[in-house]
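Since the structure comes first, as structure tokens, the remarks are kept for the end.
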Amino acid sequence: YHITGAVALTHSVAIPHLDIKPRNIILFGDSTEPFGYTVKINDFSGSLNISGRGWELRRITPAYADPLAIITGFGDYDYDVYSIAMTIIYTLTSSIPKHRLYLNTLLLNDLYNLGLPLPPLSEEEQDLRIFAEKVSEIIASHSREKLREVLQKMSSDVAKLDEKYIATLLQDIPKNIMLILFKGLSLKKEDRYRDAIELYVDLEKALQGAFKWL
């Protein structure tokens, strides 16, 4: 919640972060805060503003990167929304959903020739293997210009895996908060929050009354 609020402030003055992840979140001791610490966002060097084109991605962390932006090489405020949602999921589950990580890794390896290792899959994860093969085929058979459009059409495939590999791990959190996180991760750009301000407003509504310090 506080992290989202901090990023919302930077978005309000037209500054995206573009590399939100646990490593860039710092906790400082603060006896005036309910849990005894305050949250700070570190390292705003992940982007470079190119006039007329937007923010060129200078640093990409596969586990938290927006796959739509990986394709173009440019990010926007909704890139931070995706990264915040993934950071929250990691914080709650101590893991990154493999299907999301596979998607980003395959894109980075093909489009940027990075040679990143893919996480191993177990015998019980045949659905992830099938998904990875489908993504590989799509990347190989479409131009970079068409890839983003095709990827957005795969949102239903990703949503099914989200239900299995994310929702089941988050079954103890309120449904409205889970829906907020999934909206932040949407592969349909028009369905995702446009910036952290919109995300913050919905999180505040969802959490209102749950904690006396909100």
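Identifiers in this document derive from the order of the structure tokens: chains are assigned A, B, ..., residues are numbered from 1 separately in each chain, and ligands are numbered from 1 in order of occurrence.
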
If you take only C-alpha atoms and a cut-off of 6 Å, which residues of region 38-98 of chain A touch region 180-186 of chain A, and what are their nearest atom pairs and distances in Å to one decimal, in chain and number order, as JSON lines?
{"residue": "A:Val81", "atom": "CA", "partner": "A:Gly184", "partner_atom": "CA", "distance": 5.6}
{"residue": "A:Tyr82", "atom": "CA", "partner": "A:Leu185", "partner_atom": "CA", "distance": 5.1}
{"residue": "A:Ala85", "atom": "CA", "partner": "A:Leu181", "partner_atom": "CA", "distance": 5.2}

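Every residue of chain A with a DSSP assignment of strand (DSSP E or B), taken from the backbone, is listed as Ile25, Ile26, Leu27, Phe28, Gly29, Tyr37, Thr38, Val39, Lys40, Ile41, Ser47, Leu48, Asn49, Ile50, Gly54, Trp55, Glu56, Leu57, Phe74, Gly75, Gln208 and Phe211 of chain A.
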
Please measure the separation of CA of Ala140 (chain A) and CA of Val158 (chain A), giving the value in Å to one decimal.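 Straight-line distance from CA of Ala140 (chain A) to CA of Val158 (chain A) works out to 18.7 Å.
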
Quick one: DSSP alpha helix (DSSP H) residues in region 76-124 of chain A, as a PyMOL selection string? chain A and resi 77-93+98-112

Would you list the contacts of Ser95 (chain A) as a count of residues only, taking every protein, DNA or RNA residue within 12 Å and counting only C-alpha atoms, but skipping same-chain residues closer than 6 positions in sequence? 12
